[in-house]
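Here is structure30.cif, consisting of mmCIF, C-alpha atoms and all ligand atoms:
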data_data
loop_
_atom_site.group_PDB
_atom_site.id
_atom_site.type_symbol
_atom_site.label_atom_id
_atom_site.label_comp_id
_atom_site.auth_asym_id
_atom_site.auth_seq_id
_atom_site.Cartn_x
_atom_site.Cartn_y
_atom_site.Cartn_z
ATOM 1 C CA MET A 1 205.643 46.758 53.381
ATOM 2 C CA SER A 2 207.806 48.039 56.178
ATOM 3 C CA GLN A 3 209.971 45.538 58.019
ATOM 4 C CA VAL A 4 210.218 47.863 61.010
ATOM 5 C CA LEU A 5 207.326 48.522 63.395
ATOM 6 C CA THR A 6 207.209 51.105 66.173
ATOM 7 C CA VAL A 7 205.395 49.922 69.301
ATOM 8 C CA GLY A 8 204.333 52.464 71.918
ATOM 9 C CA ASP A 9 204.281 56.207 72.337
ATOM 10 C CA LEU A 10 208.028 56.717 71.816
ATOM 11 C CA LYS A 11 210.153 59.894 71.709
ATOM 12 C CA PRO A 12 208.703 61.940 68.808
ATOM 13 C CA SER A 13 212.067 62.456 67.065
ATOM 14 C CA LEU A 14 212.712 58.692 67.170
ATOM 15 C CA VAL A 15 209.270 57.958 65.724
ATOM 16 C CA ALA A 16 209.907 60.537 62.978
ATOM 17 C CA THR A 17 213.325 59.081 62.092
ATOM 18 C CA LEU A 18 211.903 55.567 61.964
ATOM 19 C CA ALA A 19 209.101 56.751 59.686
ATOM 20 C CA GLU A 20 211.499 58.667 57.384
ATOM 21 C CA THR A 21 214.287 56.122 57.112
ATOM 22 C CA HIS A 22 212.331 52.863 57.348
ATOM 23 C CA ASP A 23 208.774 53.854 56.574
ATOM 24 C CA ALA A 24 207.973 52.422 59.988
ATOM 25 C CA PRO A 25 204.353 52.760 61.108
ATOM 26 C CA VAL A 26 203.268 52.972 64.747
ATOM 27 C CA LEU A 27 201.200 49.985 65.923
ATOM 28 C CA PRO A 28 197.648 51.294 66.540
ATOM 29 C CA THR A 29 196.584 51.388 70.195
ATOM 30 C CA ASP A 30 192.849 50.902 69.626
ATOM 31 C CA PRO A 31 192.323 47.132 70.171
ATOM 32 C CA GLY A 32 190.233 46.615 67.021
ATOM 33 C CA GLU A 33 192.595 48.596 64.765
ATOM 34 C CA ARG A 34 195.596 46.886 66.328
ATOM 35 C CA ALA A 35 194.178 43.396 65.674
ATOM 36 C CA ALA A 36 193.300 44.329 62.086
ATOM 37 C CA TYR A 37 196.761 45.825 61.528
ATOM 38 C CA LEU A 38 198.502 42.739 62.896
ATOM 39 C CA ALA A 39 196.313 40.364 60.877
ATOM 40 C CA GLU A 40 197.194 42.205 57.672
ATOM 41 C CA HIS A 41 200.828 43.243 58.233
ATOM 42 C CA GLY A 42 202.101 41.222 61.218
ATOM 43 C CA SER A 43 204.019 38.759 59.087
ATOM 44 C CA ASP A 44 206.037 41.538 57.365
ATOM 45 C CA VAL A 45 207.636 42.784 60.572
ATOM 46 C CA ARG A 46 211.292 41.796 61.169
ATOM 47 C CA VAL A 47 212.211 44.373 63.817
ATOM 48 C CA VAL A 48 210.179 46.121 66.511
ATOM 49 C CA VAL A 49 211.411 49.359 68.051
ATOM 50 C CA THR A 50 209.806 49.918 71.442
ATOM 51 C CA SER A 51 210.605 51.147 74.959
ATOM 52 C CA GLY A 52 210.655 49.795 78.478
ATOM 53 C CA ARG A 53 207.194 51.283 79.010
ATOM 54 C CA PHE A 54 205.602 49.210 76.237
ATOM 55 C CA GLY A 55 207.705 46.249 75.071
ATOM 56 C CA VAL A 56 206.708 43.142 73.151
ATOM 57 C CA ASP A 57 204.727 40.725 75.304
ATOM 58 C CA ALA A 58 204.111 37.068 74.412
ATOM 59 C CA GLU A 59 200.814 37.892 72.687
ATOM 60 C CA LEU A 60 202.290 40.554 70.419
ATOM 61 C CA MET A 61 205.308 38.370 69.692
ATOM 62 C CA ALA A 62 202.987 35.564 68.597
ATOM 63 C CA ALA A 63 201.305 37.959 66.153
ATOM 64 C CA LEU A 64 204.682 38.727 64.527
ATOM 65 C CA PRO A 65 205.816 35.400 63.017
ATOM 66 C CA SER A 66 208.774 36.901 61.085
ATOM 67 C CA LEU A 67 210.121 38.877 64.064
ATOM 68 C CA GLU A 68 213.921 38.699 64.410
ATOM 69 C CA ALA A 69 214.835 41.573 66.740
ATOM 70 C CA VAL A 70 213.421 43.944 69.353
ATOM 71 C CA CYS A 71 215.279 47.241 69.837
ATOM 72 C CA ASN A 72 214.333 48.602 73.242
ATOM 73 C CA PHE A 73 214.713 52.304 74.110
ATOM 74 C CA GLY A 74 215.715 52.064 77.783
ATOM 75 C CA VAL A 75 217.977 49.863 79.870
ATOM 76 C CA GLY A 76 215.071 47.939 81.434
ATOM 77 C CA TYR A 77 213.314 45.483 79.129
ATOM 78 C CA ASP A 78 211.009 43.681 81.559
ATOM 79 C CA THR A 79 207.941 44.472 79.412
ATOM 80 C CA THR A 80 209.371 42.300 76.624
ATOM 81 C CA ASP A 81 208.913 38.554 77.008
ATOM 82 C CA VAL A 82 212.566 37.608 76.773
ATOM 83 C CA ALA A 83 211.890 33.908 77.411
ATOM 84 C CA ALA A 84 209.519 33.791 74.412
ATOM 85 C CA ALA A 85 212.076 35.764 72.377
ATOM 86 C CA GLN A 86 214.845 33.330 73.287
ATOM 87 C CA GLN A 87 212.704 30.348 72.299
ATOM 88 C CA ARG A 88 212.046 31.926 68.923
ATOM 89 C CA GLY A 89 215.639 33.106 68.388
ATOM 90 C CA VAL A 90 214.489 36.744 68.500
ATOM 91 C CA VAL A 91 217.317 38.981 69.771
ATOM 92 C CA VAL A 92 216.753 42.001 72.025
ATOM 93 C CA SER A 93 218.829 45.152 72.539
ATOM 94 C CA ASN A 94 218.621 47.826 75.245
ATOM 95 C CA THR A 95 220.400 51.128 75.962
ATOM 96 C CA PRO A 96 222.824 50.574 78.848
ATOM 97 C CA ASP A 97 225.584 52.923 80.073
ATOM 98 C CA VAL A 98 224.331 56.103 78.392
ATOM 99 C CA LEU A 99 221.706 56.611 81.110
ATOM 100 C CA THR A 100 223.705 55.441 84.131
ATOM 101 C CA ASP A 101 224.712 58.913 85.327
ATOM 102 C CA CYS A 102 221.274 60.475 85.033
ATOM 103 C CA VAL A 103 219.479 57.607 86.774
ATOM 104 C CA ALA A 104 222.078 57.639 89.567
ATOM 105 C CA ASP A 105 221.711 61.427 89.857
ATOM 106 C CA THR A 106 217.964 60.923 90.253
ATOM 107 C CA ALA A 107 218.501 58.455 93.114
ATOM 108 C CA VAL A 108 220.722 60.941 94.938
ATOM 109 C CA GLY A 109 218.247 63.740 94.255
ATOM 110 C CA LEU A 110 215.410 61.681 95.735
ATOM 111 C CA ALA A 111 217.459 60.818 98.824
ATOM 112 C CA LEU A 112 218.435 64.432 99.402
ATOM 113 C CA ASP A 113 214.906 65.630 98.769
ATOM 114 C CA VAL A 114 213.105 63.176 101.032
ATOM 115 C CA LEU A 115 215.562 63.425 103.937
ATOM 116 C CA ARG A 116 215.861 67.209 103.866
ATOM 117 C CA GLY A 117 212.221 67.773 102.870
ATOM 118 C CA LEU A 118 213.074 69.980 99.884
ATOM 119 C CA SER A 119 209.856 69.404 97.914
ATOM 120 C CA SER A 120 207.748 69.766 101.004
ATOM 121 C CA ALA A 121 209.661 72.945 101.971
ATOM 122 C CA ASP A 122 208.981 74.305 98.491
ATOM 123 C CA ARG A 123 205.254 73.679 99.046
ATOM 124 C CA PHE A 124 205.597 75.407 102.445
ATOM 125 C CA VAL A 125 207.009 78.559 100.807
ATOM 126 C CA ARG A 126 204.585 78.593 97.864
ATOM 127 C CA GLY A 127 201.622 77.955 100.152
ATOM 128 C CA GLY A 128 202.444 81.132 102.111
ATOM 129 C CA ASP A 129 203.341 79.400 105.394
ATOM 130 C CA TRP A 130 206.807 80.997 105.569
ATOM 131 C CA SER A 131 205.576 84.513 104.848
ATOM 132 C CA ALA A 132 202.854 83.945 107.461
ATOM 133 C CA GLY A 133 205.604 83.508 110.070
ATOM 134 C CA LYS A 134 205.591 79.725 110.445
ATOM 135 C CA SER A 135 208.791 77.691 110.801
ATOM 136 C CA PHE A 136 209.593 74.695 108.639
ATOM 137 C CA PRO A 137 210.434 71.707 110.865
ATOM 138 C CA LEU A 138 213.971 70.387 111.180
ATOM 139 C CA MET A 139 214.577 67.517 108.811
ATOM 140 C CA ARG A 140 217.205 64.775 108.592
ATOM 141 C CA ARG A 141 220.800 64.866 107.399
ATOM 142 C CA LEU A 142 221.885 62.792 104.369
ATOM 143 C CA SER A 143 225.662 63.041 104.859
ATOM 144 C CA GLY A 144 226.977 60.035 106.751
ATOM 145 C CA LYS A 145 223.797 57.948 106.615
ATOM 146 C CA ARG A 146 224.309 54.207 106.082
ATOM 147 C CA VAL A 147 223.238 53.342 102.548
ATOM 148 C CA GLY A 148 222.217 49.944 101.164
ATOM 149 C CA ILE A 149 222.313 49.312 97.445
ATOM 150 C CA LEU A 150 220.027 46.524 96.256
ATOM 151 C CA GLY A 151 221.564 45.503 92.910
ATOM 152 C CA LEU A 152 225.195 46.531 92.453
ATOM 153 C CA GLY A 153 225.202 46.734 88.658
ATOM 154 C CA ARG A 154 226.263 49.727 86.598
ATOM 155 C CA ILE A 155 223.648 52.077 88.040
ATOM 156 C CA GLY A 156 224.031 50.696 91.568
ATOM 157 C CA ARG A 157 227.762 51.406 91.502
ATOM 158 C CA ALA A 158 227.164 54.919 90.204
ATOM 159 C CA VAL A 159 224.730 55.580 93.073
ATOM 160 C CA ALA A 160 227.238 54.152 95.568
ATOM 161 C CA GLN A 161 230.086 56.311 94.213
ATOM 162 C CA ARG A 162 227.989 59.452 94.502
ATOM 163 C CA LEU A 163 226.851 58.676 98.053
ATOM 164 C CA GLU A 164 230.395 57.799 99.116
ATOM 165 C CA ALA A 165 231.154 61.449 98.403
ATOM 166 C CA PHE A 166 228.456 62.296 100.984
ATOM 167 C CA GLY A 167 230.407 60.235 103.535
ATOM 168 C CA CYS A 168 227.826 57.423 103.480
ATOM 169 C CA PRO A 169 229.110 53.925 104.295
ATOM 170 C CA ILE A 170 227.860 51.542 101.597
ATOM 171 C CA THR A 171 226.545 47.987 101.949
ATOM 172 C CA TYR A 172 225.010 46.041 99.073
ATOM 173 C CA HIS A 173 223.140 42.931 98.136
ATOM 174 C CA SER A 174 223.193 41.390 94.658
ATOM 175 C CA ARG A 175 222.452 37.848 93.545
ATOM 176 C CA ARG A 176 226.194 37.255 93.626
ATOM 177 C CA GLN A 177 228.960 39.025 95.504
ATOM 178 C CA VAL A 178 230.706 41.475 93.150
ATOM 179 C CA ASP A 179 234.477 41.112 92.690
ATOM 180 C CA GLY A 180 236.747 44.083 93.198
ATOM 181 C CA VAL A 181 234.519 46.248 95.405
ATOM 182 C CA ASP A 182 235.221 47.195 99.006
ATOM 183 C CA TYR A 183 231.592 47.599 100.033
ATOM 184 C CA ALA A 184 230.217 45.272 102.695
ATOM 185 C CA TYR A 185 227.998 42.479 101.343
ATOM 186 C CA ALA A 186 224.663 41.537 102.922
ATOM 187 C CA ALA A 187 223.446 37.973 102.324
ATOM 188 C CA SER A 188 219.796 38.917 101.674
ATOM 189 C CA PRO A 189 217.607 41.978 101.000
ATOM 190 C CA ALA A 190 216.248 41.765 104.590
ATOM 191 C CA GLU A 191 219.769 41.631 106.040
ATOM 192 C CA LEU A 192 220.702 44.626 103.905
ATOM 193 C CA ALA A 193 217.639 46.594 105.006
ATOM 194 C CA ALA A 194 218.347 45.865 108.677
ATOM 195 C CA ALA A 195 221.917 47.180 108.330
ATOM 196 C CA VAL A 196 221.192 50.575 106.730
ATOM 197 C CA ASP A 197 219.289 53.853 107.055
ATOM 198 C CA ILE A 198 218.540 54.257 103.343
ATOM 199 C CA LEU A 199 217.758 51.362 101.011
ATOM 200 C CA VAL A 200 218.201 52.210 97.326
ATOM 201 C CA VAL A 201 216.494 49.796 94.930
ATOM 202 C CA VAL A 202 218.481 49.569 91.696
ATOM 203 C CA THR A 203 217.864 45.986 90.632
ATOM 204 C CA SER A 204 216.336 45.181 87.236
ATOM 205 C CA GLY A 205 212.627 44.388 86.972
ATOM 206 C CA GLY A 206 210.978 41.229 85.675
ATOM 207 C CA PRO A 207 209.701 38.015 87.239
ATOM 208 C CA GLU A 208 212.930 37.223 89.126
ATOM 209 C CA SER A 209 212.867 40.409 91.187
ATOM 210 C CA ALA A 210 209.075 40.745 91.650
ATOM 211 C CA ASN A 211 208.314 41.766 95.269
ATOM 212 C CA LEU A 212 211.957 41.253 96.257
ATOM 213 C CA VAL A 213 211.408 44.144 98.657
ATOM 214 C CA ASP A 214 208.482 42.622 100.530
ATOM 215 C CA ARG A 215 206.895 43.534 103.860
ATOM 216 C CA THR A 216 209.644 41.731 105.794
ATOM 217 C CA VAL A 217 212.364 43.746 104.060
ATOM 218 C CA LEU A 218 210.474 47.017 104.579
ATOM 219 C CA LYS A 219 209.929 46.204 108.263
ATOM 220 C CA ALA A 220 213.640 45.472 108.597
ATOM 221 C CA LEU A 221 214.322 48.967 107.222
ATOM 222 C CA GLY A 222 211.962 50.211 109.910
ATOM 223 C CA PRO A 223 210.581 53.510 111.244
ATOM 224 C CA ASP A 224 213.979 55.237 110.962
ATOM 225 C CA GLY A 225 214.610 53.989 107.433
ATOM 226 C CA TRP A 226 213.990 55.471 103.987
ATOM 227 C CA LEU A 227 213.324 53.643 100.738
ATOM 228 C CA ILE A 228 214.489 55.025 97.380
ATOM 229 C CA ASN A 229 213.239 53.243 94.249
ATOM 230 C CA ILE A 230 214.539 54.169 90.813
ATOM 231 C CA ALA A 231 214.299 50.606 89.439
ATOM 232 C CA ARG A 232 210.816 49.202 88.807
ATOM 233 C CA GLY A 233 207.648 49.380 90.890
ATOM 234 C CA SER A 234 207.311 45.600 90.576
ATOM 235 C CA VAL A 235 210.396 45.073 92.775
ATOM 236 C CA VAL A 236 208.599 46.478 95.852
ATOM 237 C CA ASP A 237 205.398 45.243 97.515
ATOM 238 C CA GLU A 238 203.567 48.516 96.992
ATOM 239 C CA ASP A 239 200.652 47.716 99.348
ATOM 240 C CA ALA A 240 203.095 46.990 102.168
ATOM 241 C CA LEU A 241 205.052 50.146 101.332
ATOM 242 C CA VAL A 242 201.909 52.292 101.519
ATOM 243 C CA ASP A 243 200.798 50.651 104.812
ATOM 244 C CA LEU A 244 204.155 51.271 106.446
ATOM 245 C CA LEU A 245 204.484 54.843 105.178
ATOM 246 C CA VAL A 246 200.983 55.711 106.385
ATOM 247 C CA SER A 247 201.423 54.049 109.794
ATOM 248 C CA GLY A 248 204.934 55.362 110.549
ATOM 249 C CA GLY A 249 206.567 51.988 109.939
ATOM 250 C CA LEU A 250 209.005 53.722 107.567
ATOM 251 C CA ALA A 251 210.504 57.219 107.846
ATOM 252 C CA GLY A 252 209.910 58.061 104.198
ATOM 253 C CA ALA A 253 210.342 57.159 100.563
ATOM 254 C CA GLY A 254 211.593 58.674 97.321
ATOM 255 C CA LEU A 255 209.889 56.969 94.392
ATOM 256 C CA ASP A 256 210.465 57.376 90.671
ATOM 257 C CA VAL A 257 208.633 54.158 89.788
ATOM 258 C CA PHE A 258 205.345 52.508 90.753
ATOM 259 C CA ALA A 259 203.635 49.158 90.395
ATOM 260 C CA HIS A 260 200.892 50.388 88.023
ATOM 261 C CA GLU A 261 202.267 53.468 86.259
ATOM 262 C CA PRO A 262 201.054 56.100 85.750
ATOM 263 C CA LYS A 263 198.818 55.280 88.712
ATOM 264 C CA VAL A 264 200.187 56.347 92.088
ATOM 265 C CA PRO A 265 198.433 55.059 95.236
ATOM 266 C CA ASP A 266 196.055 57.783 96.513
ATOM 267 C CA ALA A 267 197.309 57.300 100.070
ATOM 268 C CA LEU A 268 200.749 58.609 99.069
ATOM 269 C CA LEU A 269 199.510 61.859 97.554
ATOM 270 C CA GLY A 270 198.913 63.565 100.894
ATOM 271 C CA LEU A 271 202.113 62.431 102.615
ATOM 272 C CA ASP A 272 204.935 64.940 103.105
ATOM 273 C CA ASN A 273 207.545 62.278 103.894
ATOM 274 C CA VAL A 274 207.268 60.926 100.360
ATOM 275 C CA VAL A 275 208.684 62.372 97.139
ATOM 276 C CA LEU A 276 206.883 61.185 94.016
ATOM 277 C CA LEU A 277 208.368 61.451 90.523
ATOM 278 C CA PRO A 278 206.793 60.477 87.172
ATOM 279 C CA HIS A 279 209.439 57.874 86.150
ATOM 280 C CA LEU A 280 211.933 60.492 84.962
ATOM 281 C CA GLY A 281 215.188 58.784 85.970
ATOM 282 C CA SER A 282 216.787 59.033 82.535
ATOM 283 C CA GLY A 283 214.739 62.049 81.472
ATOM 284 C CA THR A 284 217.238 64.679 80.404
ATOM 285 C CA VAL A 285 217.694 66.127 76.924
ATOM 286 C CA GLU A 286 221.266 64.814 76.764
ATOM 287 C CA THR A 287 220.578 61.286 77.978
ATOM 288 C CA ARG A 288 217.396 60.733 75.997
ATOM 289 C CA ALA A 289 219.266 61.865 72.838
ATOM 290 C CA ALA A 290 222.006 59.322 73.583
ATOM 291 C CA MET A 291 219.406 56.601 74.205
ATOM 292 C CA GLU A 292 217.722 57.484 70.912
ATOM 293 C CA GLN A 293 221.024 57.256 69.034
ATOM 294 C CA LEU A 294 221.904 53.916 70.615
ATOM 295 C CA THR A 295 218.457 52.528 69.755
ATOM 296 C CA LEU A 296 218.973 53.583 66.116
ATOM 297 C CA ASP A 297 222.536 52.196 66.101
ATOM 298 C CA ASN A 298 221.169 48.834 67.213
ATOM 299 C CA LEU A 299 218.478 48.900 64.541
ATOM 300 C CA GLU A 300 220.909 49.819 61.738
ATOM 301 C CA ALA A 301 223.490 47.243 62.856
ATOM 302 C CA PHE A 302 220.821 44.568 62.879
ATOM 303 C CA LEU A 303 219.424 45.469 59.456
ATOM 304 C CA ASP A 304 222.931 45.813 57.915
ATOM 305 C CA ARG A 305 224.695 42.798 59.354
ATOM 306 C CA GLY A 306 222.305 40.947 61.657
ATOM 307 C CA GLU A 307 224.126 42.104 64.813
ATOM 308 C CA LEU A 308 223.107 44.214 67.768
ATOM 309 C CA VAL A 309 225.466 46.784 69.329
ATOM 310 C CA THR A 310 224.160 46.317 72.867
ATOM 311 C CA PRO A 311 222.296 43.006 73.114
ATOM 312 C CA VAL A 312 220.702 42.189 76.468
ATOM 313 C CA PRO A 313 222.505 39.356 78.291
ATOM 314 C CA GLU A 314 219.823 36.816 77.279
ATOM 315 C CA SER A 315 220.548 37.595 73.591
ATOM 316 C CA VAL A 316 224.292 36.923 73.824
ATOM 317 C CA ARG A 317 225.105 33.399 72.720
HETATM 318 C C1 LIG B 1 212.989 55.091 80.407
HETATM 319 C C2 LIG B 1 213.828 53.358 82.090
HETATM 320 O O1 LIG B 1 212.225 56.150 80.845
HETATM 321 O O2 LIG B 1 215.744 52.801 80.870
HETATM 322 C C3 LIG B 1 214.839 52.409 81.586
HETATM 323 O O3 LIG B 1 214.736 51.226 81.927
HETATM 324 O O4 LIG B 1 213.049 53.037 82.904
HETATM 325 C C4 LIG B 1 213.826 54.742 81.576
HETATM 326 O O5 LIG B 1 215.120 55.147 81.269
HETATM 327 C C5 LIG B 1 212.085 54.078 79.820
HETATM 328 O O6 LIG B 1 212.706 52.926 79.409
HETATM 329 C C6 LIG B 1 211.363 54.670 78.621
HETATM 330 O O7 LIG B 1 210.167 54.045 78.495
#
Could you quickly redo this structure as structure tokens?
Ligand code: 8YV
Amino acid sequence: MSQVLTVGDLKPSLVATLAETHDAPVLPTDPGERAAYLAEHGSDVRVVVTSGRFGVDAELMAALPSLEAVCNFGVGYDTTDVAAAQQRGVVVSNTPDVLTDCVADTAVGLALDVLRGLSSADRFVRGGDWSAGKSFPLMRRLSGKRVGILGLGRIGRAVAQRLEAFGCPITYHSRRQVDGVDYAYAASPAELAAAVDILVVVTSGGPESANLVDRTVLKALGPDGWLINIARGSVVDEDALVDLLVSGGLAGAGLDVFAHEPKVPDALLGLDNVVLLPHLGSGTVETRAAMEQLTLDNLEAFLDRGELVTPVPESVR
């Protein structure tokens, strides 16, 4: 029986490679078939290959008593129960660095789009308003706006570097102050939001950051402030975000992630001051190929010598 199990609807070429080189099946999605599969084969599985969209929760982990490693396609691994993995001595890898540039590019693209109204202007042209003689309203300038980075990790720094080139002064908040950076530090998310025009959420997901951007933080950003989220929907209180966007309590938002993907709150669909993306931050041919390779490198390193190339911090002893 195969020691490797694929969990989730992963990149087709990755699924094919896993099937060819390791005879790895895909865990059935139908609840009955899945339970039957796990009852029969669960104890054979040593390594799961999955992605940030699916992961290995506590229930699945319990059904895999011989599990030793989870190789996660994606930098975020909040869908895998890392605490349960740690308790069991199951190690977890992710795909950092290779996606930093593309995710940071997406954040800048969202900021430029929502402030200048590019997507809404595109709808204006396609809908015939321009050719009918109407004028598109004046929008807002990105260059020089005060930017707050919530989570100054690898991706946060890459966003900051890009926006520095737009002449944007940068302030940040992270759990700890970061050594060797010149950016101003804000003591809390609310203090950060109050000090900037654009708040970019780049912090990792999971229980520790759930609703970190709550109603108080969003109100501190205020009616002249924009929110950009390329992290996880769980980091932002989505009900509060929708309320404030609908009532004018925020100027706008650029969102690549949502609390209940692929569900997007209906109230956002009709708003022109909001840009909505289908969680495509890392979604380029080049970056997804690099993520695929790094996922396979982790798998091979683990099967060959019991080591991961890029273990998540909780897996480093
Ligand atoms: C991926 C992501 O789309 O890396 C992450 O954490 O959110 C994205 O790059 C996702 O992991 C694939 O499911």
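Among the candidates A:Ile170, A:Leu67, A:Val103, A:Ala158, the residue lying nearest to ligand LIG 1 (chain B) is A:Val103 (atoms considered: all atoms listed in the file).
Each of A:Thr50, A:Val91, A:Pro207, A:Thr6 was compared to Val309 in chain A using only C-alpha atoms, and A:Val91 turns out to be the nearest.
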**Study point:** Neighbourhood of ligand LIG 1 (chain B) at 7 Å, counting only C-alpha atoms and all ligand atoms, reported as a list of chain:residue names
**Key:** A:Ser51, A:Gly52, A:Arg53, A:Phe73, A:Gly74, A:Val75, A:Gly76, A:Tyr77, A:Thr95, A:Leu99, A:His279, A:Leu280, A:Gly281, A:Ser282, A:Gly283
Point to revise | Contacts of range 122-134 of chain A within 12 Å, only C-alpha atoms, excl. fewer than 3 positions in-chain, as JSON, numbers by chain | key: {"A": [113, 116, 117, 118, 119, 137, 272, 275]}
Residue subset to file, keeping C-alpha atoms, as a JSON list (two decimals), keeping the file's coordinate frame:
[["chain", "number", "residue", "atom", "x", "y", "z"],
["A", 113, "ASP", "CA", 214.91, 65.63, 98.77],
["A", 116, "ARG", "CA", 215.86, 67.21, 103.87],
["A", 117, "GLY", "CA", 212.22, 67.77, 102.87],
["A", 118, "LEU", "CA", 213.07, 69.98, 99.88],
["A", 119, "SER", "CA", 209.86, 69.40, 97.91],
["A", 137, "PRO", "CA", 210.43, 71.71, 110.86],
["A", 272, "ASP", "CA", 204.94, 64.94, 103.10],
["A", 275, "VAL", "CA", 208.68, 62.37, 97.14]]
Point to revise | Residue members of the PyMOL selection byres (((chain A and resi 82-89) around 9) and not hetatm) in the file shown, as a PyMOL selection string | key: chain A and resi 56-58+61-62+67-70+77-81+90-92+314-315
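When only C-alpha atoms are used to compute distances to His22 in chain A, the closest of the residues A:Glu307, A:Glu40, A:Asp266, A:Glu300 turns out to be A:Glu300.
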Check your understanding: Can you list, as an NGL selection string, the residues that the PyMOL selection byres (((chain A and resi 3) around 7) and not hetatm) selects here?
Key -> :A and (1-2 or 4-5 or 44-47)
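CA of Ala187 in chain A sits 16.0 Å away from CA of Leu218 in chain A.
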Review point. Neighbours of Ala160 in chain A within 10 Å (only C-alpha atoms; same-chain residues fewer than 4 positions away dropped), as a list in words?
Key: Ala104, Val108, Val147, Gly148, Ile149, Leu152, Ile155, Gly156, Glu164, Ala165, Phe166, Cys168, Pro169, Ile170, Thr171, Tyr172, Tyr183 and Val200 of chain A
Exercise for review: Would you kindly return, as an NGL selection string, each protein, DNA or RNA residue with an atom no farther than 9 Å from any atom of Arg141 in chain A, considering all atoms listed in the file and excluding same-chain residues fewer than 2 positions away?
Suggested key: :A and (112 or 115-116 or 139 or 143-145)
Around the point (224.1, 63.0, 82.8), in the coordinates given by the file, pick out the residues reaching within 8 Å, counting only C-alpha atoms, and return them as an mmCIF file with C-alpha atoms, keeping the file's coordinate frame.
data_model
loop_
_atom_site.group_PDB
_atom_site.id
_atom_site.type_symbol
_atom_site.label_atom_id
_atom_site.label_comp_id
_atom_site.auth_asym_id
_atom_site.auth_seq_id
_atom_site.Cartn_x
_atom_site.Cartn_y
_atom_site.Cartn_z
ATOM 1 C CA LEU A 99 221.706 56.611 81.110
ATOM 2 C CA THR A 100 223.705 55.441 84.131
ATOM 3 C CA ASP A 101 224.712 58.913 85.327
ATOM 4 C CA CYS A 102 221.274 60.475 85.033
ATOM 5 C CA ASP A 105 221.711 61.427 89.857
ATOM 6 C CA THR A 284 217.238 64.679 80.404
ATOM 7 C CA GLU A 286 221.266 64.814 76.764
ATOM 8 C CA THR A 287 220.578 61.286 77.978
#
Check your understanding: Quick one, how far is CA of Ser234 in chain A from CA of Ala210 in chain A?
Key -> 5.3 Å
Practice item. Can you give me, as a VMD selection string, the residues this file yields under the PyMOL selection byres (((chain A and resi 211) around 7) and not hetatm)? Key: chain A and resid 209 to 210 212 to 214 234 to 237
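Between CA of Asn229 in chain A and CA of Val202 in chain A there is a distance of 6.9 Å.
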Check your understanding: If we count only C-alpha atoms, what is near Glu292 in chain A at a cut-off of 9 Å, once residues fewer than 2 positions away on the same chain are taken out, given as an NGL selection string?
Key -> :A and (11 or 13-14 or 73-74 or 95 or 287-290 or 294-297)
